[in-house]
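Peer 1: Coordinates in model-v6.cif, mmCIF, C-alpha atoms, are listed below.
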```
data_final
loop_
_atom_site.label_atom_id
_atom_site.label_comp_id
_atom_site.auth_asym_id
_atom_site.auth_seq_id
_atom_site.Cartn_x
_atom_site.Cartn_y
_atom_site.Cartn_z
CA MET A 62 -9.70 8.39 -27.27
CA THR A 63 -10.29 11.09 -29.87
CA LEU A 64 -10.86 14.73 -28.92
CA LYS A 65 -14.53 14.43 -29.90
CA ASP A 66 -15.01 11.32 -27.74
CA GLN A 67 -13.32 13.12 -24.88
CA LEU A 68 -15.68 16.09 -25.30
CA LYS A 69 -18.73 13.84 -25.30
CA GLN A 70 -17.54 12.21 -22.10
CA ILE A 71 -16.99 15.60 -20.47
CA ILE A 72 -20.44 16.78 -21.54
CA VAL A 73 -22.12 13.71 -20.08
CA GLU A 74 -20.09 13.38 -16.88
CA ASP A 75 -19.40 16.97 -15.87
CA LEU A 76 -22.90 18.18 -16.74
CA ASN A 77 -24.39 15.07 -15.07
CA LEU A 78 -26.50 14.09 -18.08
CA VAL A 79 -27.86 10.99 -16.38
CA HIS A 80 -30.21 10.22 -19.26
CA VAL A 81 -27.60 10.36 -22.08
CA LEU A 82 -24.65 8.16 -23.06
CA PRO A 83 -21.60 9.78 -24.70
CA GLU A 84 -22.05 7.71 -27.85
CA GLU A 85 -25.60 9.03 -28.23
CA ILE A 86 -24.30 12.52 -28.93
CA GLY A 87 -23.72 13.04 -32.64
CA ASP A 88 -20.80 15.21 -33.76
CA ASP A 89 -23.17 17.77 -35.30
CA ASP A 90 -26.08 17.49 -32.85
CA PRO A 91 -27.15 20.85 -31.39
CA LEU A 92 -26.10 20.70 -27.73
CA PHE A 93 -28.59 23.22 -26.39
CA GLY A 94 -32.33 22.77 -26.61
CA ASP A 95 -34.84 20.08 -25.82
CA ARG A 96 -32.96 16.99 -26.90
CA PHE A 97 -30.21 16.96 -24.26
CA GLY A 98 -31.88 19.48 -21.95
CA LEU A 99 -28.86 21.76 -21.66
CA ASP A 100 -29.41 25.38 -20.63
CA SER A 101 -27.48 28.57 -19.89
CA ILE A 102 -26.03 27.24 -16.61
CA ASP A 103 -24.68 24.26 -18.54
CA ALA A 104 -23.14 26.68 -21.02
CA VAL A 105 -21.21 28.42 -18.23
CA GLU A 106 -20.26 25.04 -16.76
CA LEU A 107 -19.02 23.88 -20.15
CA VAL A 108 -16.88 27.02 -20.53
CA PHE A 109 -15.37 26.24 -17.11
CA GLN A 110 -14.78 22.58 -17.99
CA LEU A 111 -13.12 23.42 -21.33
CA LYS A 112 -10.71 25.71 -19.52
CA LYS A 113 -10.05 23.06 -16.88
CA HIS A 114 -9.50 20.15 -19.30
CA PHE A 115 -7.93 21.88 -22.33
CA GLY A 116 -6.74 25.24 -21.05
CA VAL A 117 -8.80 27.12 -23.63
CA VAL A 118 -10.71 30.27 -22.72
CA ILE A 119 -13.98 31.42 -24.25
CA LYS A 120 -13.90 35.14 -23.74
CA ASN A 121 -17.45 36.30 -24.16
CA GLN A 122 -21.06 35.29 -24.79
CA SER A 123 -21.12 35.88 -28.55
CA GLU A 124 -17.96 33.83 -29.03
CA GLY A 125 -19.41 31.11 -26.81
CA ARG A 126 -22.68 30.97 -28.72
CA SER A 127 -20.93 29.91 -31.93
CA ILE A 128 -18.34 27.66 -30.29
CA LEU A 129 -20.75 25.69 -28.09
CA GLN A 130 -23.16 24.72 -30.85
CA SER A 131 -21.97 21.13 -31.29
CA VAL A 132 -19.14 18.73 -30.51
CA ASN A 133 -17.67 19.54 -33.93
CA THR A 134 -17.58 23.31 -33.31
CA ILE A 135 -16.03 22.86 -29.86
CA ALA A 136 -13.41 20.44 -31.21
CA ALA A 137 -12.55 22.86 -34.04
CA PHE A 138 -12.12 25.70 -31.53
CA ILE A 139 -9.83 23.64 -29.28
CA GLU A 140 -7.68 22.42 -32.19
CA LYS A 141 -7.35 25.97 -33.51
CA ARG A 142 -6.27 27.30 -30.10
CA GLN A 143 -3.84 24.45 -29.55
CA GLU A 144 -2.21 25.03 -32.95
CA ALA A 145 -1.78 28.73 -32.25
CA MET B 2 -47.90 23.85 23.40
CA LYS B 3 -46.72 20.48 22.23
CA ALA B 4 -46.01 19.82 18.57
CA CYS B 5 -47.24 16.58 17.05
CA ILE B 6 -45.00 14.60 14.74
CA LEU B 7 -47.06 13.51 11.75
CA GLY B 8 -44.25 11.76 9.91
CA ALA B 9 -40.53 11.08 9.89
CA GLY B 10 -38.04 10.35 7.11
CA VAL B 11 -34.45 9.19 7.58
CA VAL B 12 -31.49 8.46 5.35
CA GLY B 13 -28.25 7.10 6.78
CA GLY B 14 -25.67 4.37 6.78
CA PHE B 15 -28.36 1.89 7.89
CA GLY B 16 -30.51 2.54 4.78
CA CYS B 17 -33.50 4.70 3.90
CA GLY B 18 -36.75 5.13 5.76
CA ARG B 19 -38.28 4.43 9.14
CA ALA B 20 -38.46 0.68 8.58
CA ALA B 21 -34.73 0.47 7.81
CA LEU B 22 -33.87 2.34 11.00
CA GLU B 23 -36.19 0.16 13.07
CA ALA B 24 -34.67 -2.98 11.56
CA ALA B 25 -31.17 -1.74 12.36
CA ILE B 26 -32.17 -1.00 15.97
CA ARG B 27 -33.87 -4.36 16.28
CA ASN B 28 -30.88 -6.24 14.91
CA ARG B 29 -28.45 -3.97 16.76
CA SER B 30 -26.49 -4.20 13.56
CA ALA B 31 -24.16 -1.61 12.14
CA PRO B 32 -23.64 -1.60 8.38
CA GLU B 33 -20.49 -3.30 7.10
CA ALA B 34 -17.43 -1.29 8.08
CA PRO B 35 -16.64 1.03 5.17
CA ALA B 36 -13.19 2.11 4.06
CA VAL B 37 -12.77 5.53 5.70
CA PRO B 38 -14.42 4.39 8.00
CA ALA B 39 -17.70 6.24 7.82
CA LEU B 40 -21.35 5.25 7.77
CA THR B 41 -22.25 6.79 4.43
CA ALA B 42 -25.74 7.02 2.94
CA GLN B 43 -27.14 6.00 -0.43
CA THR B 44 -29.80 8.14 -2.09
CA ASP B 45 -30.75 6.04 -5.14
CA LEU B 46 -34.28 5.74 -3.74
CA LEU B 47 -34.81 9.42 -4.56
CA ASP B 48 -35.32 8.46 -8.21
CA ARG B 49 -38.63 6.97 -7.09
CA PHE B 50 -39.93 10.41 -6.16
CA VAL B 51 -38.18 12.87 -8.49
CA PRO B 52 -37.16 12.36 -12.14
CA PRO B 53 -33.37 11.85 -12.34
CA ARG B 54 -33.18 14.57 -15.01
CA THR B 55 -34.54 17.08 -12.48
CA LEU B 56 -31.90 16.05 -9.97
CA ARG B 57 -28.84 16.21 -12.18
CA ARG B 58 -27.47 19.36 -10.54
CA VAL B 59 -28.39 18.32 -6.99
CA ASP B 60 -25.39 17.10 -5.00
CA HIS B 61 -25.21 14.31 -2.42
CA TYR B 62 -25.75 16.66 0.53
CA ALA B 63 -29.00 18.08 -0.79
CA ARG B 64 -30.10 14.67 -2.11
CA MET B 65 -29.96 13.23 1.41
CA ALA B 66 -32.07 16.10 2.76
CA LEU B 67 -34.51 15.89 -0.13
CA LEU B 68 -34.93 12.13 0.22
CA ALA B 69 -35.44 12.31 4.00
CA SER B 70 -38.02 15.09 3.48
CA ARG B 71 -39.86 13.08 0.86
CA LEU B 72 -39.85 9.99 3.09
CA ALA B 73 -41.30 12.11 5.91
CA LEU B 74 -44.17 13.11 3.60
CA GLU B 75 -44.75 9.48 2.71
CA ASP B 76 -44.68 8.48 6.37
CA ALA B 77 -47.26 11.17 7.16
CA GLY B 78 -49.54 10.02 4.34
CA MET B 79 -49.00 13.33 2.54
CA ASP B 80 -48.01 11.97 -0.85
CA ASP B 81 -50.16 14.59 -2.53
CA GLY B 82 -48.11 17.37 -0.97
CA LEU B 83 -47.82 19.48 2.13
CA PRO B 84 -50.41 22.03 3.30
CA GLU B 85 -50.16 25.38 1.54
CA ASN B 86 -48.41 27.42 4.23
CA THR B 87 -45.97 24.76 5.42
CA GLY B 88 -42.70 26.14 6.76
CA LEU B 89 -39.29 24.58 6.23
CA ILE B 90 -36.32 24.53 8.61
CA VAL B 91 -33.08 22.79 7.62
CA ALA B 92 -30.45 22.32 10.32
CA THR B 93 -26.88 21.55 9.37
CA GLY B 94 -23.61 21.54 11.25
CA MET B 95 -21.27 21.81 8.28
CA GLY B 96 -23.58 22.56 5.37
CA PRO B 97 -22.43 21.59 1.91
CA THR B 98 -18.92 22.72 2.81
CA ALA B 99 -17.91 19.09 3.00
CA ASN B 100 -18.63 18.42 -0.68
CA THR B 101 -16.91 21.61 -1.75
CA LEU B 102 -13.81 20.90 0.27
CA ASP B 103 -13.49 17.45 -1.21
CA LEU B 104 -13.80 18.75 -4.76
CA GLN B 105 -11.88 22.00 -4.65
CA PRO B 106 -8.31 21.36 -3.43
CA ALA B 107 -6.88 20.85 -6.91
CA ASP B 108 -8.27 24.12 -8.22
CA VAL B 109 -7.18 26.06 -5.17
CA ALA B 110 -3.70 24.56 -5.31
CA ALA B 111 -3.42 25.64 -8.93
CA ALA B 112 -4.48 29.16 -7.91
CA ASP B 113 -7.35 28.77 -10.34
CA LEU B 114 -10.10 30.92 -8.94
CA ALA B 115 -12.59 30.02 -11.65
CA LEU B 116 -15.50 28.18 -10.11
CA SER B 117 -17.83 25.66 -11.60
CA PRO B 118 -21.32 27.24 -11.46
CA ILE B 119 -22.86 23.88 -10.58
CA LEU B 120 -20.38 23.36 -7.76
CA PHE B 121 -20.84 26.93 -6.58
CA SER B 122 -24.64 26.72 -6.47
CA ASN B 123 -24.34 23.53 -4.42
CA SER B 124 -21.84 25.14 -2.04
CA VAL B 125 -24.10 27.84 -0.62
CA GLN B 126 -25.31 27.17 2.89
CA ASN B 127 -29.04 27.10 2.09
CA ALA B 128 -28.73 24.86 -0.99
CA ALA B 129 -30.62 21.95 0.61
CA ALA B 130 -33.44 24.21 1.79
CA ALA B 131 -33.71 25.74 -1.67
CA TYR B 132 -33.95 22.36 -3.41
CA ILE B 133 -36.48 21.02 -0.88
CA SER B 134 -38.71 24.09 -1.11
CA MET B 135 -38.59 24.08 -4.92
CA LEU B 136 -39.18 20.38 -5.46
CA LEU B 137 -41.74 19.89 -2.66
CA LYS B 138 -43.45 23.21 -3.55
CA ILE B 139 -43.13 24.67 -0.07
CA ARG B 140 -44.37 28.28 -0.07
CA GLY B 141 -44.16 29.11 3.65
CA PRO B 142 -41.22 30.50 5.62
CA CYS B 143 -37.89 28.83 4.86
CA LEU B 144 -34.83 28.85 7.09
CA SER B 145 -31.40 27.22 7.28
CA ILE B 146 -29.87 26.94 10.75
CA ASN B 147 -26.14 26.52 11.28
CA GLN B 148 -25.16 26.15 14.89
CA TYR B 149 -22.92 23.12 14.57
CA GLU B 150 -24.01 20.41 17.00
CA MET B 151 -26.85 22.50 18.43
CA SER B 152 -28.47 23.05 15.03
CA VAL B 153 -31.13 20.36 15.47
CA PRO B 154 -32.49 21.43 18.89
CA LEU B 155 -32.51 25.05 17.71
CA ALA B 156 -34.39 24.04 14.56
CA PHE B 157 -37.00 22.17 16.62
CA GLN B 158 -37.36 25.09 19.03
CA THR B 159 -37.83 27.46 16.07
CA ALA B 160 -40.42 25.13 14.52
CA ILE B 161 -42.39 25.08 17.78
CA ASP B 162 -42.15 28.88 18.00
CA TRP B 163 -43.55 29.20 14.46
CA LEU B 164 -46.45 26.90 15.32
CA GLU B 165 -47.17 28.76 18.56
CA GLU B 166 -47.08 32.13 16.83
CA GLY B 167 -49.48 30.87 14.19
CA ARG B 168 -46.91 31.76 11.57
CA THR B 169 -47.56 28.44 9.92
CA SER B 170 -49.68 25.38 10.70
CA THR B 171 -47.19 22.75 9.55
CA VAL B 172 -43.39 22.69 9.61
CA LEU B 173 -41.03 20.34 7.81
CA VAL B 174 -37.99 20.37 10.08
CA GLY B 175 -34.84 18.29 10.06
CA GLY B 176 -31.12 18.07 9.80
CA VAL B 177 -28.50 16.98 7.29
CA ASP B 178 -24.73 16.62 7.19
CA CYS B 179 -22.55 14.84 4.69
CA PHE B 180 -19.28 13.05 5.23
CA SER B 181 -16.15 14.77 4.03
CA LYS B 182 -12.76 13.11 4.08
CA ALA B 183 -11.11 16.54 4.22
CA LEU B 184 -13.12 17.61 7.27
CA HIS B 185 -12.72 14.19 8.81
CA ASP B 186 -8.94 14.30 8.50
CA ALA B 187 -8.83 17.90 9.73
CA SER B 188 -10.92 17.57 12.86
CA LEU B 189 -13.59 14.92 13.17
CA SER B 190 -11.08 12.06 13.28
CA ARG B 191 -9.91 13.41 16.63
CA ARG B 192 -13.38 13.16 18.17
CA GLU B 193 -13.44 10.54 20.90
CA THR B 194 -15.93 9.31 23.42
CA LYS B 195 -15.36 7.87 26.86
CA ASN B 196 -16.24 4.23 27.11
CA GLY B 197 -17.64 2.41 30.10
CA SER B 198 -14.24 1.41 31.47
CA GLY B 199 -12.94 4.98 31.55
CA GLY B 200 -10.92 4.70 28.33
CA ARG B 201 -11.54 6.60 25.12
CA THR B 202 -12.66 5.22 21.79
CA PRO B 203 -13.03 6.97 18.42
CA ALA B 204 -16.54 8.28 17.82
CA PRO B 205 -18.27 6.51 14.92
CA VAL B 206 -18.29 8.76 11.85
CA GLY B 207 -21.33 9.03 9.65
CA GLU B 208 -23.61 11.15 7.53
CA GLY B 209 -27.29 11.34 6.86
CA SER B 210 -30.49 13.25 7.17
CA ALA B 211 -33.62 13.07 9.30
CA PHE B 212 -36.73 15.15 8.67
CA PHE B 213 -40.04 15.45 10.52
CA ILE B 214 -43.44 16.95 9.82
CA LEU B 215 -44.65 18.89 12.83
CA THR B 216 -48.05 20.42 13.44
CA ARG B 217 -49.88 21.95 16.39
CA SER B 218 -51.01 19.29 18.84
CA ASP B 219 -54.53 20.73 18.91
CA ALA B 220 -54.75 20.22 15.14
CA ALA B 221 -53.77 16.54 15.11
CA GLY B 222 -55.22 13.31 16.40
CA ALA B 223 -54.10 11.86 19.72
CA GLN B 224 -52.42 8.92 18.01
CA TYR B 225 -49.38 10.93 16.98
CA PRO B 226 -46.22 11.18 19.08
CA PHE B 227 -45.25 14.67 20.06
CA VAL B 228 -42.34 16.91 20.93
CA HIS B 229 -42.82 17.57 24.61
CA ASP B 230 -39.98 20.00 25.13
CA VAL B 231 -36.71 21.35 23.80
CA HIS B 232 -33.95 22.30 26.23
CA MET B 233 -30.60 23.92 25.45
CA GLY B 234 -27.70 24.94 27.66
CA ALA B 235 -24.11 26.11 27.61
CA ALA B 236 -22.49 23.91 30.26
CA MET B 237 -23.37 20.26 30.70
CA ARG B 238 -23.18 18.66 34.15
CA PRO B 239 -20.05 16.57 34.76
CA ASP B 240 -22.13 13.49 35.54
CA ALA B 241 -23.76 13.51 32.11
CA PRO B 242 -23.39 10.39 29.96
CA PRO B 243 -19.86 10.25 28.46
CA VAL B 244 -20.99 10.08 24.84
CA PRO B 245 -22.13 12.83 22.42
CA ASN B 246 -25.55 11.29 21.69
CA THR B 247 -27.80 9.67 24.28
CA LEU B 248 -31.41 8.52 24.37
CA MET B 249 -32.78 8.65 27.91
CA LEU B 250 -36.01 7.08 29.14
CA HIS B 251 -38.08 9.20 31.52
CA ASN B 252 -41.02 8.24 33.61
CA SER B 253 -41.17 11.54 35.39
CA ARG B 254 -42.56 14.87 34.27
CA LYS B 255 -39.90 16.73 36.23
CA THR B 256 -37.66 18.94 34.18
CA ASP B 257 -34.32 17.85 35.67
CA LEU B 258 -34.03 15.20 33.03
CA LEU B 259 -30.63 13.81 33.95
CA ASP B 260 -31.76 13.00 37.49
CA HIS B 261 -34.97 11.35 36.39
CA ALA B 262 -33.72 9.17 33.56
CA SER B 263 -34.26 5.51 34.35
CA ALA B 264 -32.20 4.18 31.43
CA HIS B 265 -30.11 5.47 28.57
CA VAL B 266 -28.63 4.15 25.34
CA ASP B 267 -26.27 5.34 22.59
CA LEU B 268 -27.28 4.25 19.07
CA THR B 269 -24.61 6.11 17.10
CA HIS B 270 -23.02 2.85 15.99
CA LEU B 271 -25.96 2.73 13.56
CA TYR B 272 -25.57 6.19 12.03
CA GLY B 273 -22.49 7.96 13.41
CA THR B 274 -21.95 11.19 15.34
CA PHE B 275 -22.06 13.90 12.68
CA PRO B 276 -23.18 17.33 13.97
CA THR B 277 -26.87 16.87 13.19
CA SER B 278 -27.01 13.19 14.16
CA MET B 279 -29.42 14.25 16.92
CA GLY B 280 -32.10 14.12 14.23
CA MET B 281 -31.40 10.38 13.95
CA ASP B 282 -31.79 10.09 17.72
CA VAL B 283 -35.22 11.72 17.48
CA ALA B 284 -36.22 9.29 14.72
CA ALA B 285 -34.90 6.38 16.80
CA ALA B 286 -36.87 7.65 19.82
CA LEU B 287 -40.03 7.63 17.70
CA ALA B 288 -39.31 4.04 16.71
CA LEU B 289 -38.83 3.02 20.35
CA LEU B 290 -42.04 4.74 21.44
CA ARG B 291 -43.93 3.07 18.62
CA THR B 292 -42.80 -0.46 19.49
CA GLU B 293 -42.69 -1.54 23.13
CA GLN B 294 -40.45 -4.48 22.29
CA LEU B 295 -37.80 -2.11 20.92
CA LEU B 296 -38.24 0.22 23.87
CA SER B 297 -37.71 -2.49 26.48
CA MET B 298 -34.82 -3.95 24.46
CA CYS B 299 -32.90 -0.67 24.09
CA LEU B 300 -33.86 1.05 27.32
CA PRO B 301 -34.23 -1.62 30.04
CA ARG B 302 -34.89 -0.04 33.42
CA SER B 303 -31.85 0.32 35.61
CA ASP B 304 -33.73 -1.10 38.63
CA GLY B 305 -34.21 -4.40 36.81
CA GLY B 306 -37.93 -3.95 36.36
CA SER B 307 -39.42 -4.69 32.99
CA ALA B 308 -42.59 -2.62 33.08
CA ILE B 309 -42.65 0.27 30.65
CA PRO B 310 -43.86 3.55 32.13
CA GLU B 311 -47.46 4.34 31.32
CA ASN B 312 -46.57 7.46 29.40
CA PRO B 313 -42.93 7.00 28.44
CA ARG B 314 -40.88 9.91 27.26
CA ILE B 315 -37.49 9.79 25.66
CA GLY B 316 -35.03 12.62 25.96
CA CYS B 317 -32.57 12.87 23.07
CA LEU B 318 -29.45 14.49 24.50
CA LYS B 319 -26.73 15.94 22.30
CA GLN B 320 -23.52 17.17 23.92
CA GLY B 321 -21.25 19.44 21.93
CA GLU B 322 -17.48 19.40 22.00
CA THR B 323 -17.37 22.65 23.97
CA GLY B 324 -19.84 21.71 26.71
CA ASP B 325 -22.96 23.07 25.04
CA TRP B 326 -25.91 20.71 25.00
CA GLY B 327 -29.42 20.29 23.70
CA MET B 328 -32.23 17.90 24.52
CA ILE B 329 -35.42 17.14 22.62
CA VAL B 330 -38.00 15.25 24.65
CA ILE B 331 -40.40 13.03 22.72
CA GLY B 332 -43.54 11.47 24.20
CA ARG B 333 -46.55 9.47 23.16
CA ASP B 334 -49.11 10.53 25.73
CA GLY B 335 -49.88 14.15 25.61
CA ARG B 336 -53.45 15.05 25.51
#
```
Represent the supplied structure as structure tokens.
Peer 2:
Amino acid sequence: MTLKDQLKQIIVEDLNLVHVLPEEIGDDDPLFGDRFGLDSIDAVELVFQLKKHFGVVIKNQSEGRSILQSVNTIAAFIEKRQEA
Amino acid sequence: MKACILGAGVVGGFGCGRAALEAAIRNRSAPEAPAVPALTAQTDLLDRFVPPRTLRRVDHYARMALLASRLALEDAGMDDGLPENTGLIVATGMGPTANTLDLQPADVAAADLALSPILFSNSVQNAAAAYISMLLKIRGPCLSINQYEMSVPLAFQTAIDWLEEGRTSTVLVGGVDCFSKALHDASLSRRETKNGSGGRTPAPVGEGSAFFILTRSDAAGAQYPFVHDVHMGAAMRPDAPPVPNTLMLHNSRKTDLLDHASAHVDLTHLYGTFPTSMGMDVAAALALLRTEQLLSMCLPRSDGGSAIPENPRIGCLKQGETGDWGMIVIGRDGR
């Protein structure tokens, strides 16, 4: 399973997106907004889940806003941290 | 003042709703023995009342309470909603602690103090009451009661007090507890009951929720069953029935209920003995009072007679591990 597939699975399962399948999330789809129904609590939950699954820490809100935009931006952030 | 019961909703190992409980009592059938073993509840039916998307952050504990509450509304013919100043009282012995304990050990062991916000919001003690009041649009007083096995009688007593005080005209009151393997292994697995031959057998373990809509008896029709009385005490008599939950048939209006019970039955094989299982006993008592065939089947008179008392009352007795006890007396005469 690729990192992006893993992220999609985490988003669906850990945020309990009962109405969405992992494969329905496009790599560049905006995660927050009407389509998937994610909100600020989901953002905090996602920060927690990324730390739990990948050991990466998002330090503040402004950093999180750019990282949590899409599966692609999250994957890029994780790969960058893991290379460092 | 007596409080009328306009509707009841139940969720447990036997299924969902009054009809499922009545069928289980009629068939005297326990669900298939599960793995733990515990009589666990399914809440899929909740999707019929609330969009799944709305429920995605609601955990199993609150789902059971929400479903039982919604079934109580349906049973009372209040599908359009509760009266404006309805109060809400949620009794729980363990609260959502059970869910949290089952999910948290790995994080605690890793000394990782970061908490999932979804898990945290579901771990607070009044989570079920909050979800019920939000989703059923309850604007009146809202209370969570945690007094372990005495939570249900205290909740009923509080509901009656609110009605008497005129604080609210309708109260949605009930109990909920969820199964937790961690709690079960730590303490509940040691719970035993005396059997008829003097030996001890493990108490059946379960989970579930039972909710009731109560109103003042002078505001309801005479066709509704009612809560006649709630009694609580700190030291149960030694000759009390040797099981935690008992339904006792009374044909006397005297208050010494143990002396005047003509028959008693334990139905916990259908739903288990979790701390708020007394709510299930109350729902079962309503079923027995509603159907004479069930009443005579479950509570045959000890003198061999078959006649059912003219105005039968059923006392639901809960005995705590430390000798404390509570009894809710349900009747169908009243006015």
Peer 1: Evaluate the PyMOL selection byres ((chain A and resi 71) around 9) and record the selected residues as a PyMOL selection string, following the chain and residue labels used in the document.
Peer 2: chain A and resi 66-70+72-76+83+107+110-111+114
Peer 1: Would you mind reading off the distance between atom CA of B:Leu215 and atom CA of B:His251, one decimal, in Å?
Peer 2: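 Calculated distance between atom CA of B:Leu215 and atom CA of B:His251 is 22.1 Å.
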Peer 1: Show me, as a list in words, every residue of chain A with an atom at most 12 Å from chain B, counting only C-alpha atoms.
Peer 2: Val73, Glu74, Asp75, Leu76, Asn77, Leu78, Val79, His80, Val81, Phe97, Gly98, Leu99, Asp100, Ser101, Ile102, Asp103, Ala104, Val105, Glu106, Leu107, Val108, Phe109, Gln110, Leu111, Lys112, Lys113, His114, Gly116 and Val118 of chain A
Peer 1: Apply the PyMOL selection byres ((chain B and resi 286) around 8) to the structure shown and report the selected residues as a VMD selection string.
Peer 2: chain B and resid 248 282 to 285 287 to 290 315 317 331
Peer 1: Starting from the displayed file, determine the output of the PyMOL selection byres ((chain B and resi 216) around 6) and express the residue list as a short mmCIF file (atom, residue, chain, number, x, y, z; two decimals) with C-alpha atoms, keeping the file's coordinate frame.
Peer 2:
```cif
data_model
loop_
_atom_site.label_atom_id
_atom_site.label_comp_id
_atom_site.auth_asym_id
_atom_site.auth_seq_id
_atom_site.Cartn_x
_atom_site.Cartn_y
_atom_site.Cartn_z
CA ALA B 4 -46.01 19.82 18.57
CA CYS B 5 -47.24 16.58 17.05
CA SER B 170 -49.68 25.38 10.70
CA THR B 171 -47.19 22.75 9.55
CA LEU B 215 -44.65 18.89 12.83
CA ARG B 217 -49.88 21.95 16.39
#
```
Peer 1: What is the atom CA of B:Met328-atom CA of B:Ala241 distance in Å, reported with one decimal?
Peer 2: 12.2 Å
Peer 1: Show which residues sit within 8 Å of B:Val12, as number ranges by chain. Count only C-alpha atoms, and ignore same-chain residues fewer than 3 positions away.
Peer 2: B: 15-18, 42-44, 65, 68-69, 209-211
Peer 1: For the selection just defined, write its residues with C-alpha atoms to a file, as a JSON list (two decimals), keeping the file's coordinate frame.
Peer 2:
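Contents of out_13.json, as written:
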```
[["chain", "number", "residue", "atom", "x", "y", "z"],
["B", 15, "PHE", "CA", -28.36, 1.89, 7.89],
["B", 16, "GLY", "CA", -30.51, 2.54, 4.78],
["B", 17, "CYS", "CA", -33.50, 4.70, 3.90],
["B", 18, "GLY", "CA", -36.75, 5.13, 5.76],
["B", 42, "ALA", "CA", -25.74, 7.02, 2.94],
["B", 43, "GLN", "CA", -27.14, 6.00, -0.43],
["B", 44, "THR", "CA", -29.80, 8.14, -2.09],
["B", 65, "MET", "CA", -29.96, 13.23, 1.41],
["B", 68, "LEU", "CA", -34.93, 12.13, 0.22],
["B", 69, "ALA", "CA", -35.44, 12.31, 4.00],
["B", 209, "GLY", "CA", -27.29, 11.34, 6.86],
["B", 210, "SER", "CA", -30.49, 13.25, 7.17],
["B", 211, "ALA", "CA", -33.62, 13.07, 9.30]]
```
